[in-house]
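Engineer: Please find one structure pasted underneath; my questions will follow.
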Amino acid sequence: MSQSTSLQYEAPWPVYAMDWCKTWAPGQIRARAAFRIALGSYTEDYRNRLAIIGLQDERSLVDDEIHEGYSDFVVLAETMHGYPATKLQWQPLSAATFNWAMKPAMTELLATTGDALRIWDFSYDGDQKTSNFVGRHPNSSGYHLVQRVALSGSKVPSTSSGPPLTSFSWNTVLASHIVTSSIDTTCTVWDINTSTAITQLIAHDREVYDVAWLPGSTDVFTSVGADGSLRLFDLRSLEHSTILYEASTVRAKESSKTASPQTRPMSTPLLRIAFNPSDSHYIATFHADSGDVQILDMRSPGAPVIEIKGHRAQVNAIGWSKQEGMLATAGDDSQVLIWDLSPQTIASPRHTVTSRVPASPRPDAKRRVFTDPVLAYTAPGEINNLAWSPPLSSLGSGPAIPSGEWLAMAIGKTVKVLRV
């Protein structure tokens, strides 16, 4: 018998939004408490679903054959979501100790965006009765997933829908603060403890596609959008923003010698943004319809310091591991690629391009190109999203969790979970 390296769940609908729980289930110490994943469906109607799935049997962590022919996960709770969730996230670790105005002790929070920012209560009010028979689902009647509040894109709380929200970021230091991005060019900072908007600002010239808090900060966040720029904002000084990267400018300079003015790109949308949790100077992003990923250094703004070239089709998702410098990328080529961007690897001469980084104020800055991932997985279909587990360790009850982190990916209706 060997430790499992993969788990799987088949959803009744196409999966897009997903996130791995950041904390153990309240009052539970068994291994399954760390294997809970929130999923959001993607169907082109108003009948989308939000579901929480959990590990069916802890023995599947130590034996690949324990559930052969059956799903490794079962649905713990499910509810309607209306329009598809553009992003889904569990509460950060700091939420467990935050002084919430109205939140039962055994309740966890989730957030989603779509037609509004929605906050959900996930709770459990009984002892789970689990059958010992393989394939039999646990009694999940004690789990509840209920909407706490819906906040529209406008600053005034309203039950009516505002402009669609494309994404959000939950502050890991101050758990009551969430910043959202919208197609109406704005970003809004919310206090979900009071259900009020702290501030709303025009962030880009066109749609804003993603937003992310600077790790460890309660004031600074970044955003990317259809205008091809990556911008930094500070709540203590909103009179101006800092443009860290402008895709149209860089690409125009690089192609100016060969392209006519009529064919030069005016703007290349940036779709997602992710900070390296081990070194928040580094930010990952990627362009629309591109197979490449750019890594920016906030100390050297203007152009990427690293380019990742490994996908044969457009990239759909990126995510940093808690392990130092490990980045996962996924795309339409059915591949998940994991890259080692630790400081030692970045400094390796084999990744150095002798030409200086265009538009960088640092004369010694060099662009490094990565083409060889340290790990690769080929899926049976296009990969639409991914989510890392938090660092997991052995628990005092139940079987030991296999060492390393786990990576969940959405492949159509399939959720594949791999031990990395």
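Each chain of the structure tokens is named A, B, ... in the order shown, its residues numbered from 1; ligands are numbered from 1 in display order.
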From a DSSP calculation on the backbone, collect every residue of range 13-98 of chain A in strand (DSSP E) and output the set as a compact mmCIF listing (two decimals) with all heavy atoms, in the first residue's frame.
Structural biologist:
```
# COMPACT_ATOMS: atom_id res chain seq x y z
N VAL A 15 -17.10 23.03 -14.13
CA VAL A 15 -16.54 23.75 -12.98
C VAL A 15 -15.63 24.87 -13.46
O VAL A 15 -14.82 24.68 -14.37
CB VAL A 15 -15.74 22.79 -12.08
CG1 VAL A 15 -15.09 23.54 -10.92
CG2 VAL A 15 -16.63 21.67 -11.56
N TYR A 16 -15.76 26.04 -12.85
CA TYR A 16 -14.81 27.12 -13.12
C TYR A 16 -14.20 27.64 -11.81
O TYR A 16 -13.04 27.41 -11.53
CB TYR A 16 -15.44 28.26 -13.89
CG TYR A 16 -14.47 29.42 -14.04
CD1 TYR A 16 -13.33 29.28 -14.84
CD2 TYR A 16 -14.64 30.61 -13.34
CE1 TYR A 16 -12.38 30.30 -14.94
CE2 TYR A 16 -13.71 31.64 -13.44
CZ TYR A 16 -12.59 31.49 -14.23
OH TYR A 16 -11.66 32.49 -14.32
N ALA A 17 -15.00 28.36 -11.01
CA ALA A 17 -14.46 28.94 -9.78
C ALA A 17 -14.13 27.83 -8.79
O ALA A 17 -14.87 26.86 -8.66
CB ALA A 17 -15.47 29.91 -9.18
N MET A 18 -13.01 27.97 -8.08
CA MET A 18 -12.63 26.97 -7.09
C MET A 18 -11.62 27.54 -6.11
O MET A 18 -10.85 28.45 -6.44
CB MET A 18 -12.06 25.72 -7.77
CG MET A 18 -10.76 25.92 -8.51
SD MET A 18 -10.26 24.48 -9.52
CE MET A 18 -10.51 23.12 -8.38
N ASP A 19 -11.66 27.01 -4.87
CA ASP A 19 -10.67 27.41 -3.87
C ASP A 19 -10.61 26.34 -2.79
O ASP A 19 -11.61 25.71 -2.46
CB ASP A 19 -11.02 28.77 -3.24
CG ASP A 19 -9.88 29.33 -2.41
OD1 ASP A 19 -8.71 29.14 -2.82
OD2 ASP A 19 -10.13 29.96 -1.36
N TRP A 20 -9.42 26.13 -2.26
CA TRP A 20 -9.17 25.16 -1.21
C TRP A 20 -9.30 25.87 0.14
O TRP A 20 -8.84 27.01 0.29
CB TRP A 20 -7.77 24.59 -1.36
CG TRP A 20 -7.53 23.28 -0.67
CD1 TRP A 20 -7.60 23.05 0.67
CD2 TRP A 20 -7.18 22.03 -1.28
NE1 TRP A 20 -7.31 21.73 0.95
CE2 TRP A 20 -7.04 21.08 -0.24
CE3 TRP A 20 -6.95 21.63 -2.59
CZ2 TRP A 20 -6.69 19.76 -0.47
CZ3 TRP A 20 -6.60 20.31 -2.83
CH2 TRP A 20 -6.48 19.38 -1.78
N ARG A 36 -11.26 20.20 2.00
CA ARG A 36 -12.55 20.75 1.59
C ARG A 36 -12.31 21.78 0.50
O ARG A 36 -11.48 22.68 0.65
CB ARG A 36 -13.27 21.38 2.79
CG ARG A 36 -13.62 20.37 3.89
CD ARG A 36 -14.16 21.04 5.13
NE ARG A 36 -13.16 21.93 5.70
CZ ARG A 36 -13.44 23.13 6.19
NH1 ARG A 36 -14.68 23.60 6.15
NH2 ARG A 36 -12.48 23.89 6.70
N ILE A 37 -13.01 21.64 -0.59
CA ILE A 37 -12.83 22.52 -1.75
C ILE A 37 -14.17 23.12 -2.12
O ILE A 37 -15.19 22.41 -2.19
CB ILE A 37 -12.26 21.74 -2.95
CG1 ILE A 37 -10.93 21.07 -2.57
CG2 ILE A 37 -12.05 22.66 -4.15
CD1 ILE A 37 -10.36 20.15 -3.64
N ALA A 38 -14.19 24.43 -2.34
CA ALA A 38 -15.40 25.12 -2.79
C ALA A 38 -15.37 25.21 -4.31
O ALA A 38 -14.34 25.53 -4.90
CB ALA A 38 -15.48 26.51 -2.17
N LEU A 39 -16.50 24.93 -4.94
CA LEU A 39 -16.61 24.92 -6.40
C LEU A 39 -17.77 25.79 -6.86
O LEU A 39 -18.80 25.85 -6.21
CB LEU A 39 -16.83 23.48 -6.92
CG LEU A 39 -15.84 22.40 -6.50
CD1 LEU A 39 -16.31 21.05 -7.00
CD2 LEU A 39 -14.45 22.72 -7.03
N GLY A 40 -17.57 26.44 -8.01
CA GLY A 40 -18.63 27.20 -8.64
C GLY A 40 -18.82 26.72 -10.07
O GLY A 40 -17.85 26.49 -10.79
N SER A 41 -20.07 26.54 -10.49
CA SER A 41 -20.34 26.05 -11.83
C SER A 41 -20.22 27.16 -12.86
O SER A 41 -20.22 28.35 -12.52
CB SER A 41 -21.75 25.45 -11.90
OG SER A 41 -22.74 26.47 -11.78
N ASN A 48 -26.75 28.64 -11.98
CA ASN A 48 -25.45 28.14 -11.55
C ASN A 48 -25.49 27.73 -10.08
O ASN A 48 -26.37 28.11 -9.32
CB ASN A 48 -24.38 29.20 -11.79
CG ASN A 48 -23.97 29.27 -13.24
OD1 ASN A 48 -23.09 28.55 -13.68
ND2 ASN A 48 -24.63 30.13 -14.01
N ARG A 49 -24.50 26.90 -9.71
CA ARG A 49 -24.45 26.33 -8.39
C ARG A 49 -23.14 26.64 -7.68
O ARG A 49 -22.10 26.88 -8.31
CB ARG A 49 -24.60 24.80 -8.47
CG ARG A 49 -25.79 24.31 -9.26
CD ARG A 49 -27.10 24.59 -8.58
NE ARG A 49 -27.25 23.78 -7.36
CZ ARG A 49 -28.33 23.86 -6.57
NH1 ARG A 49 -29.30 24.70 -6.85
NH2 ARG A 49 -28.40 23.10 -5.48
N LEU A 50 -23.21 26.65 -6.37
CA LEU A 50 -22.05 26.78 -5.49
C LEU A 50 -22.05 25.56 -4.58
O LEU A 50 -23.08 25.25 -3.96
CB LEU A 50 -22.14 28.07 -4.68
CG LEU A 50 -21.03 28.35 -3.67
CD1 LEU A 50 -19.71 28.55 -4.37
CD2 LEU A 50 -21.38 29.59 -2.84
N ALA A 51 -20.94 24.83 -4.52
CA ALA A 51 -20.90 23.59 -3.76
C ALA A 51 -19.63 23.50 -2.94
O ALA A 51 -18.57 24.01 -3.33
CB ALA A 51 -21.02 22.38 -4.67
N ILE A 52 -19.72 22.82 -1.78
CA ILE A 52 -18.57 22.49 -0.96
C ILE A 52 -18.42 20.98 -1.00
O ILE A 52 -19.36 20.25 -0.66
CB ILE A 52 -18.75 22.94 0.50
CG1 ILE A 52 -19.15 24.42 0.57
CG2 ILE A 52 -17.46 22.69 1.29
CD1 ILE A 52 -18.13 25.38 0.06
N ILE A 53 -17.25 20.50 -1.44
CA ILE A 53 -17.00 19.07 -1.45
C ILE A 53 -15.95 18.73 -0.40
O ILE A 53 -15.07 19.55 -0.11
CB ILE A 53 -16.57 18.55 -2.84
CG1 ILE A 53 -15.25 19.20 -3.29
CG2 ILE A 53 -17.67 18.79 -3.87
CD1 ILE A 53 -14.69 18.59 -4.58
N GLY A 54 -16.07 17.54 0.18
CA GLY A 54 -15.12 17.10 1.19
C GLY A 54 -14.69 15.67 0.94
O GLY A 54 -15.34 14.92 0.20
N LEU A 55 -13.62 15.30 1.57
CA LEU A 55 -13.06 13.96 1.40
C LEU A 55 -14.04 12.92 1.93
O LEU A 55 -14.55 13.03 3.05
CB LEU A 55 -11.74 13.88 2.15
CG LEU A 55 -10.79 12.74 1.79
CD1 LEU A 55 -10.34 12.85 0.34
CD2 LEU A 55 -9.58 12.77 2.73
N PHE A 73 -14.46 12.37 -3.36
CA PHE A 73 -15.10 13.47 -2.64
C PHE A 73 -16.62 13.31 -2.68
O PHE A 73 -17.18 12.67 -3.58
CB PHE A 73 -14.74 14.82 -3.28
CG PHE A 73 -13.29 15.21 -3.13
CD1 PHE A 73 -12.35 14.81 -4.07
CD2 PHE A 73 -12.87 15.96 -2.05
CE1 PHE A 73 -11.01 15.16 -3.94
CE2 PHE A 73 -11.54 16.32 -1.92
CZ PHE A 73 -10.60 15.93 -2.86
N VAL A 74 -17.27 13.92 -1.70
CA VAL A 74 -18.73 13.98 -1.67
C VAL A 74 -19.14 15.42 -1.44
O VAL A 74 -18.36 16.24 -0.92
CB VAL A 74 -19.32 13.09 -0.56
CG1 VAL A 74 -19.09 11.63 -0.87
CG2 VAL A 74 -18.75 13.46 0.79
N VAL A 75 -20.38 15.76 -1.81
CA VAL A 75 -20.90 17.11 -1.61
C VAL A 75 -21.34 17.27 -0.16
O VAL A 75 -22.18 16.51 0.33
CB VAL A 75 -22.07 17.40 -2.56
CG1 VAL A 75 -22.66 18.77 -2.27
CG2 VAL A 75 -21.62 17.31 -4.01
N LEU A 76 -20.79 18.26 0.52
CA LEU A 76 -21.17 18.55 1.89
C LEU A 76 -22.33 19.53 1.94
O LEU A 76 -23.21 19.42 2.80
CB LEU A 76 -19.98 19.13 2.67
CG LEU A 76 -18.72 18.27 2.73
CD1 LEU A 76 -17.63 18.99 3.50
CD2 LEU A 76 -19.01 16.91 3.33
N ALA A 77 -22.33 20.51 1.05
CA ALA A 77 -23.41 21.50 0.99
C ALA A 77 -23.44 22.10 -0.41
O ALA A 77 -22.41 22.17 -1.09
CB ALA A 77 -23.23 22.59 2.04
N GLU A 78 -24.61 22.55 -0.84
CA GLU A 78 -24.76 23.11 -2.18
C GLU A 78 -25.90 24.12 -2.18
O GLU A 78 -26.86 23.99 -1.42
CB GLU A 78 -25.06 21.99 -3.18
CG GLU A 78 -25.07 22.43 -4.64
CD GLU A 78 -25.22 21.24 -5.59
OE1 GLU A 78 -25.38 20.11 -5.09
OE2 GLU A 78 -25.18 21.47 -6.81
N THR A 79 -25.79 25.14 -3.03
CA THR A 79 -26.83 26.14 -3.11
C THR A 79 -26.82 26.79 -4.48
O THR A 79 -25.87 26.63 -5.25
CB THR A 79 -26.65 27.22 -2.01
OG1 THR A 79 -27.79 28.08 -1.98
CG2 THR A 79 -25.40 28.06 -2.27
N MET A 80 -27.87 27.55 -4.78
CA MET A 80 -27.94 28.29 -6.04
C MET A 80 -27.03 29.52 -5.99
O MET A 80 -26.82 30.10 -4.93
CB MET A 80 -29.38 28.74 -6.30
CG MET A 80 -30.33 27.62 -6.67
SD MET A 80 -29.97 26.92 -8.30
CE MET A 80 -30.31 28.35 -9.36
N HIS A 81 -26.51 29.89 -7.17
CA HIS A 81 -25.69 31.09 -7.25
C HIS A 81 -26.15 32.05 -8.34
O HIS A 81 -25.63 33.16 -8.45
CB HIS A 81 -24.22 30.72 -7.48
CG HIS A 81 -23.28 31.87 -7.29
ND1 HIS A 81 -22.93 32.75 -8.31
CD2 HIS A 81 -22.62 32.31 -6.20
CE1 HIS A 81 -22.08 33.65 -7.85
NE2 HIS A 81 -21.88 33.41 -6.56
N GLY A 82 -27.12 31.69 -9.16
CA GLY A 82 -27.55 32.58 -10.24
C GLY A 82 -26.53 32.61 -11.35
O GLY A 82 -26.22 31.59 -11.97
N LYS A 87 -15.13 34.48 -9.32
CA LYS A 87 -14.08 34.07 -8.39
C LYS A 87 -14.75 33.59 -7.12
O LYS A 87 -15.84 34.03 -6.75
CB LYS A 87 -13.09 35.20 -8.09
CG LYS A 87 -11.87 34.72 -7.29
CD LYS A 87 -10.79 35.78 -7.17
CE LYS A 87 -9.58 35.24 -6.41
NZ LYS A 87 -8.50 36.23 -6.30
N LEU A 88 -14.04 32.70 -6.42
CA LEU A 88 -14.55 32.09 -5.21
C LEU A 88 -13.39 31.95 -4.24
O LEU A 88 -12.29 31.56 -4.63
CB LEU A 88 -15.14 30.72 -5.55
CG LEU A 88 -15.41 29.71 -4.45
CD1 LEU A 88 -16.46 30.24 -3.49
CD2 LEU A 88 -15.86 28.39 -5.05
N GLN A 89 -13.62 32.28 -2.97
CA GLN A 89 -12.52 32.20 -2.01
C GLN A 89 -13.05 31.90 -0.61
O GLN A 89 -14.06 32.44 -0.18
CB GLN A 89 -11.74 33.52 -2.00
CG GLN A 89 -10.38 33.43 -1.32
CD GLN A 89 -9.57 34.71 -1.48
OE1 GLN A 89 -9.83 35.52 -2.37
NE2 GLN A 89 -8.58 34.89 -0.63
N TRP A 90 -12.33 31.01 0.09
CA TRP A 90 -12.59 30.77 1.51
C TRP A 90 -12.01 31.93 2.32
O TRP A 90 -11.10 32.64 1.89
CB TRP A 90 -11.91 29.49 1.98
CG TRP A 90 -12.51 28.22 1.51
CD1 TRP A 90 -12.29 27.61 0.30
CD2 TRP A 90 -13.42 27.36 2.21
NE1 TRP A 90 -13.00 26.43 0.22
CE2 TRP A 90 -13.69 26.25 1.38
CE3 TRP A 90 -14.01 27.41 3.48
CZ2 TRP A 90 -14.53 25.20 1.77
CZ3 TRP A 90 -14.84 26.37 3.86
CH2 TRP A 90 -15.11 25.29 3.02
```
Engineer: Please list as a list of chain:residue names every residue within 8 Å of range 224-239 of chain A, counting only C-alpha atoms and excluding residues in the same chain fewer than 2 positions away.
Structural biologist: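 Once the nearby chain positions are removed, what remains is A:Ala203, A:His204, A:Asp205, A:Arg206, A:Glu207, A:Val208, A:Tyr209, A:Asp210, A:Val211, A:Asp219, A:Val220, A:Phe221, A:Thr222, A:Ser241, A:Thr242, A:Ile243, A:Leu244, A:Tyr245, A:Glu246, A:Ala247, A:Ser248, A:Ser267, A:Thr268, A:Pro269, A:Leu270, A:Leu271, A:Arg272, A:Ile273, A:His287.
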Engineer: Env of Thr194 in chain A: 10 Å cut, atoms = only C-alpha atoms, seq-sep filter 6 positions within chain, self excluded. Answer as JSON, numbers by chain.
Structural biologist: {"A": [100, 101, 102, 176]}
Engineer: Would you export the selected residues with C-alpha atoms as a PDB file, in the first residue's frame, please?
Structural biologist:
```
ATOM      1  CA  TRP A 100     -16.973  39.715  13.762  1.00  0.00           C
ATOM      2  CA  ALA A 101     -20.174  41.610  14.554  1.00  0.00           C
ATOM      3  CA  MET A 102     -22.485  38.671  13.817  1.00  0.00           C
ATOM      4  CA  SER A 176     -13.096  42.301   7.077  1.00  0.00           C
TER       5      SER A 176
END
```
Engineer: Neighbouring residues of Ile295 in chain A were defined as those with any atom within 10 Å, considering only C-alpha atoms; residues of the same chain fewer than 6 positions away were excluded. Please report them as a list in words.
Structural biologist: Ile273, Ala274, Phe275, Asn276, His281, Tyr282, Ile283, Ala284, Thr285, Phe286, Ala303, Pro304, Val305, Ile306, Glu307, Ile308, Leu341, Arg367 and Arg368 of chain A
Engineer: Keeping only N, CA, C and O atoms, write those residues as an mmCIF file, in the first residue's frame.
Structural biologist:
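This went into out.cif:
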```
data_model
loop_
_atom_site.group_PDB
_atom_site.id
_atom_site.type_symbol
_atom_site.label_atom_id
_atom_site.label_comp_id
_atom_site.auth_asym_id
_atom_site.auth_seq_id
_atom_site.Cartn_x
_atom_site.Cartn_y
_atom_site.Cartn_z
ATOM 1 N N ILE A 273 -3.606 38.351 -11.973
ATOM 2 C CA ILE A 273 -2.432 38.828 -11.253
ATOM 3 C C ILE A 273 -2.294 38.007 -9.977
ATOM 4 O O ILE A 273 -3.295 37.655 -9.348
ATOM 5 N N ALA A 274 -1.046 37.651 -9.616
ATOM 6 C CA ALA A 274 -0.811 36.851 -8.418
ATOM 7 C C ALA A 274 0.541 37.193 -7.822
ATOM 8 O O ALA A 274 1.561 37.150 -8.520
ATOM 9 N N PHE A 275 0.551 37.530 -6.535
ATOM 10 C CA PHE A 275 1.795 37.817 -5.828
ATOM 11 C C PHE A 275 2.455 36.526 -5.358
ATOM 12 O O PHE A 275 1.780 35.581 -4.948
ATOM 13 N N ASN A 276 3.786 36.513 -5.412
ATOM 14 C CA ASN A 276 4.555 35.428 -4.827
ATOM 15 C C ASN A 276 4.484 35.567 -3.308
ATOM 16 O O ASN A 276 4.984 36.545 -2.754
ATOM 17 N N HIS A 281 7.772 41.041 -3.791
ATOM 18 C CA HIS A 281 8.266 41.910 -4.855
ATOM 19 C C HIS A 281 7.877 41.376 -6.235
ATOM 20 O O HIS A 281 7.795 42.134 -7.198
ATOM 21 N N TYR A 282 7.651 40.057 -6.313
ATOM 22 C CA TYR A 282 7.401 39.425 -7.602
ATOM 23 C C TYR A 282 5.908 39.196 -7.828
ATOM 24 O O TYR A 282 5.199 38.686 -6.958
ATOM 25 N N ILE A 283 5.450 39.566 -9.023
ATOM 26 C CA ILE A 283 4.050 39.448 -9.408
ATOM 27 C C ILE A 283 3.977 38.690 -10.727
ATOM 28 O O ILE A 283 4.719 38.989 -11.667
ATOM 29 N N ALA A 284 3.067 37.734 -10.796
ATOM 30 C CA ALA A 284 2.831 36.989 -12.037
ATOM 31 C C ALA A 284 1.578 37.507 -12.712
ATOM 32 O O ALA A 284 0.584 37.812 -12.053
ATOM 33 N N THR A 285 1.605 37.595 -14.035
ATOM 34 C CA THR A 285 0.442 38.012 -14.813
ATOM 35 C C THR A 285 0.552 37.407 -16.202
ATOM 36 O O THR A 285 1.596 36.863 -16.575
ATOM 37 N N PHE A 286 -0.540 37.481 -16.974
ATOM 38 C CA PHE A 286 -0.483 36.993 -18.349
ATOM 39 C C PHE A 286 -1.489 37.734 -19.211
ATOM 40 O O PHE A 286 -2.480 38.286 -18.728
ATOM 41 N N ALA A 303 8.834 46.511 -17.203
ATOM 42 C CA ALA A 303 8.863 45.344 -18.080
ATOM 43 C C ALA A 303 9.111 44.099 -17.246
ATOM 44 O O ALA A 303 9.654 44.176 -16.140
ATOM 45 N N PRO A 304 8.716 42.937 -17.740
ATOM 46 C CA PRO A 304 8.946 41.697 -16.989
ATOM 47 C C PRO A 304 10.441 41.428 -16.809
ATOM 48 O O PRO A 304 11.245 41.701 -17.695
ATOM 49 N N VAL A 305 10.795 40.866 -15.652
ATOM 50 C CA VAL A 305 12.166 40.423 -15.434
ATOM 51 C C VAL A 305 12.292 38.933 -15.746
ATOM 52 O O VAL A 305 13.405 38.422 -15.928
ATOM 53 N N ILE A 306 11.162 38.238 -15.811
ATOM 54 C CA ILE A 306 11.135 36.811 -16.154
ATOM 55 C C ILE A 306 9.968 36.570 -17.105
ATOM 56 O O ILE A 306 8.879 37.123 -16.916
ATOM 57 N N GLU A 307 10.207 35.750 -18.117
ATOM 58 C CA GLU A 307 9.128 35.302 -18.991
ATOM 59 C C GLU A 307 9.101 33.782 -18.995
ATOM 60 O O GLU A 307 10.137 33.137 -19.120
ATOM 61 N N ILE A 308 7.911 33.230 -18.844
ATOM 62 C CA ILE A 308 7.718 31.787 -18.851
ATOM 63 C C ILE A 308 7.086 31.391 -20.170
ATOM 64 O O ILE A 308 5.999 31.859 -20.517
ATOM 65 N N LEU A 341 10.771 29.073 -9.346
ATOM 66 C CA LEU A 341 11.245 30.454 -9.456
ATOM 67 C C LEU A 341 11.849 30.917 -8.141
ATOM 68 O O LEU A 341 11.757 32.088 -7.773
ATOM 69 N N ARG A 367 16.484 40.223 -18.467
ATOM 70 C CA ARG A 367 15.308 39.379 -18.581
ATOM 71 C C ARG A 367 15.725 37.919 -18.674
ATOM 72 O O ARG A 367 16.603 37.553 -19.437
ATOM 73 N N ARG A 368 15.076 37.088 -17.889
ATOM 74 C CA ARG A 368 15.345 35.659 -17.881
ATOM 75 C C ARG A 368 14.147 34.930 -18.472
ATOM 76 O O ARG A 368 13.002 35.264 -18.169
#
```
Engineer: Which residues come within 10 Å of Pro92 in chain A, counting only C-alpha atoms, excluding same-chain residues fewer than 2 positions away, as a compact mmCIF listing (two decimals) with all heavy atoms, in the first residue's frame?
Structural biologist:
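Generated file (part-v4.txt):
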```txt
# COMPACT_ATOMS: atom_id res chain seq x y z
N CYS A 21 -9.91 25.23 1.12
CA CYS A 21 -10.10 25.85 2.43
C CYS A 21 -8.75 26.25 3.04
O CYS A 21 -7.74 25.57 2.85
CB CYS A 21 -10.86 24.93 3.37
SG CYS A 21 -9.98 23.40 3.81
N LYS A 22 -8.74 27.36 3.74
CA LYS A 22 -7.50 27.89 4.32
C LYS A 22 -7.32 27.48 5.78
O LYS A 22 -6.25 27.65 6.36
CB LYS A 22 -7.50 29.42 4.24
CG LYS A 22 -7.72 29.98 2.84
CD LYS A 22 -6.58 29.59 1.91
CE LYS A 22 -6.65 30.35 0.59
NZ LYS A 22 -7.90 30.12 -0.16
N THR A 23 -8.39 26.99 6.41
CA THR A 23 -8.34 26.61 7.81
C THR A 23 -8.98 25.24 8.00
O THR A 23 -9.75 24.78 7.14
CB THR A 23 -9.08 27.64 8.69
OG1 THR A 23 -10.44 27.77 8.22
CG2 THR A 23 -8.41 29.01 8.61
N GLN A 89 -13.62 32.28 -2.97
CA GLN A 89 -12.52 32.20 -2.01
C GLN A 89 -13.05 31.90 -0.61
O GLN A 89 -14.06 32.44 -0.18
CB GLN A 89 -11.74 33.52 -2.00
CG GLN A 89 -10.38 33.43 -1.32
CD GLN A 89 -9.57 34.71 -1.48
OE1 GLN A 89 -9.83 35.52 -2.37
NE2 GLN A 89 -8.58 34.89 -0.63
N TRP A 90 -12.33 31.01 0.09
CA TRP A 90 -12.59 30.77 1.51
C TRP A 90 -12.01 31.93 2.32
O TRP A 90 -11.10 32.64 1.89
CB TRP A 90 -11.91 29.49 1.98
CG TRP A 90 -12.51 28.22 1.51
CD1 TRP A 90 -12.29 27.61 0.30
CD2 TRP A 90 -13.42 27.36 2.21
NE1 TRP A 90 -13.00 26.43 0.22
CE2 TRP A 90 -13.69 26.25 1.38
CE3 TRP A 90 -14.01 27.41 3.48
CZ2 TRP A 90 -14.53 25.20 1.77
CZ3 TRP A 90 -14.84 26.37 3.86
CH2 TRP A 90 -15.11 25.29 3.02
N SER A 94 -6.75 34.64 9.10
CA SER A 94 -6.98 35.68 10.10
C SER A 94 -8.45 35.83 10.47
O SER A 94 -8.78 36.41 11.51
CB SER A 94 -6.43 37.02 9.60
OG SER A 94 -7.06 37.40 8.39
N ALA A 95 -9.35 35.30 9.64
CA ALA A 95 -10.79 35.44 9.92
C ALA A 95 -11.20 34.67 11.16
O ALA A 95 -12.19 35.00 11.81
CB ALA A 95 -11.60 34.97 8.72
N ALA A 96 -10.44 33.63 11.49
CA ALA A 96 -10.79 32.79 12.65
C ALA A 96 -10.66 33.54 13.96
O ALA A 96 -11.35 33.22 14.94
CB ALA A 96 -9.92 31.54 12.67
N GLU A 108 -17.85 29.27 9.07
CA GLU A 108 -16.79 29.78 8.20
C GLU A 108 -17.43 30.64 7.11
O GLU A 108 -18.58 30.43 6.74
CB GLU A 108 -16.02 28.63 7.56
CG GLU A 108 -15.25 27.77 8.55
CD GLU A 108 -14.65 26.55 7.89
OE1 GLU A 108 -15.35 25.53 7.79
OE2 GLU A 108 -13.49 26.63 7.47
N LEU A 109 -16.65 31.58 6.59
CA LEU A 109 -17.14 32.48 5.55
C LEU A 109 -16.52 32.12 4.20
O LEU A 109 -15.38 31.68 4.13
CB LEU A 109 -16.81 33.94 5.87
CG LEU A 109 -17.38 34.51 7.16
CD1 LEU A 109 -16.94 35.96 7.32
CD2 LEU A 109 -18.90 34.41 7.19
N LEU A 110 -17.29 32.31 3.15
CA LEU A 110 -16.81 32.25 1.78
C LEU A 110 -17.29 33.50 1.06
O LEU A 110 -18.28 34.12 1.46
CB LEU A 110 -17.32 31.02 1.04
CG LEU A 110 -16.81 29.65 1.51
CD1 LEU A 110 -17.78 29.06 2.52
CD2 LEU A 110 -16.63 28.72 0.34
N TRP A 170 -9.30 38.97 -0.99
CA TRP A 170 -9.62 39.03 0.43
C TRP A 170 -8.34 39.35 1.19
O TRP A 170 -7.34 38.65 1.07
CB TRP A 170 -10.17 37.68 0.88
CG TRP A 170 -11.08 37.73 2.07
CD1 TRP A 170 -10.98 38.56 3.15
CD2 TRP A 170 -12.22 36.90 2.31
NE1 TRP A 170 -11.98 38.30 4.05
CE2 TRP A 170 -12.76 37.29 3.56
CE3 TRP A 170 -12.82 35.85 1.60
CZ2 TRP A 170 -13.89 36.67 4.11
CZ3 TRP A 170 -13.93 35.25 2.15
CH2 TRP A 170 -14.47 35.65 3.39
N ASN A 171 -8.37 40.40 2.00
CA ASN A 171 -7.18 40.81 2.73
C ASN A 171 -6.84 39.78 3.80
O ASN A 171 -7.68 39.45 4.64
CB ASN A 171 -7.37 42.19 3.36
CG ASN A 171 -6.07 42.81 3.80
OD1 ASN A 171 -5.48 42.41 4.80
ND2 ASN A 171 -5.60 43.80 3.06
N THR A 172 -5.61 39.27 3.78
CA THR A 172 -5.22 38.22 4.71
C THR A 172 -4.84 38.75 6.09
O THR A 172 -4.74 37.98 7.04
CB THR A 172 -4.03 37.43 4.14
OG1 THR A 172 -2.94 38.33 3.90
CG2 THR A 172 -4.42 36.72 2.85
N VAL A 173 -4.63 40.06 6.21
CA VAL A 173 -4.29 40.66 7.50
C VAL A 173 -5.54 41.16 8.19
O VAL A 173 -5.79 40.86 9.37
CB VAL A 173 -3.28 41.82 7.32
CG1 VAL A 173 -2.96 42.46 8.67
CG2 VAL A 173 -2.01 41.32 6.65
N LEU A 174 -6.35 41.94 7.48
CA LEU A 174 -7.60 42.49 8.00
C LEU A 174 -8.75 41.77 7.31
O LEU A 174 -9.15 42.13 6.20
CB LEU A 174 -7.66 44.00 7.75
CG LEU A 174 -8.80 44.78 8.40
CD1 LEU A 174 -8.79 44.59 9.92
CD2 LEU A 174 -8.70 46.26 8.05
N ALA A 175 -9.28 40.74 7.95
CA ALA A 175 -10.22 39.82 7.29
C ALA A 175 -11.54 40.46 6.91
O ALA A 175 -12.30 39.88 6.13
CB ALA A 175 -10.48 38.61 8.19
N SER A 176 -11.84 41.64 7.41
CA SER A 176 -13.10 42.30 7.08
C SER A 176 -13.03 43.05 5.75
O SER A 176 -14.05 43.52 5.25
CB SER A 176 -13.49 43.29 8.18
OG SER A 176 -12.49 44.28 8.33
```
Engineer: Quick one: residues within 10 Å of Gln323 in chain A, only C-alpha atoms counted, chain neighbours fewer than 5 positions away excluded, as a list of chain:residue names?
Structural biologist: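 Residues meeting the cut-off are A:Asn276, A:Pro277, A:Ser278, A:Asp340, A:Ser342, A:Pro390, A:Pro391, A:Gly404, A:Glu405.
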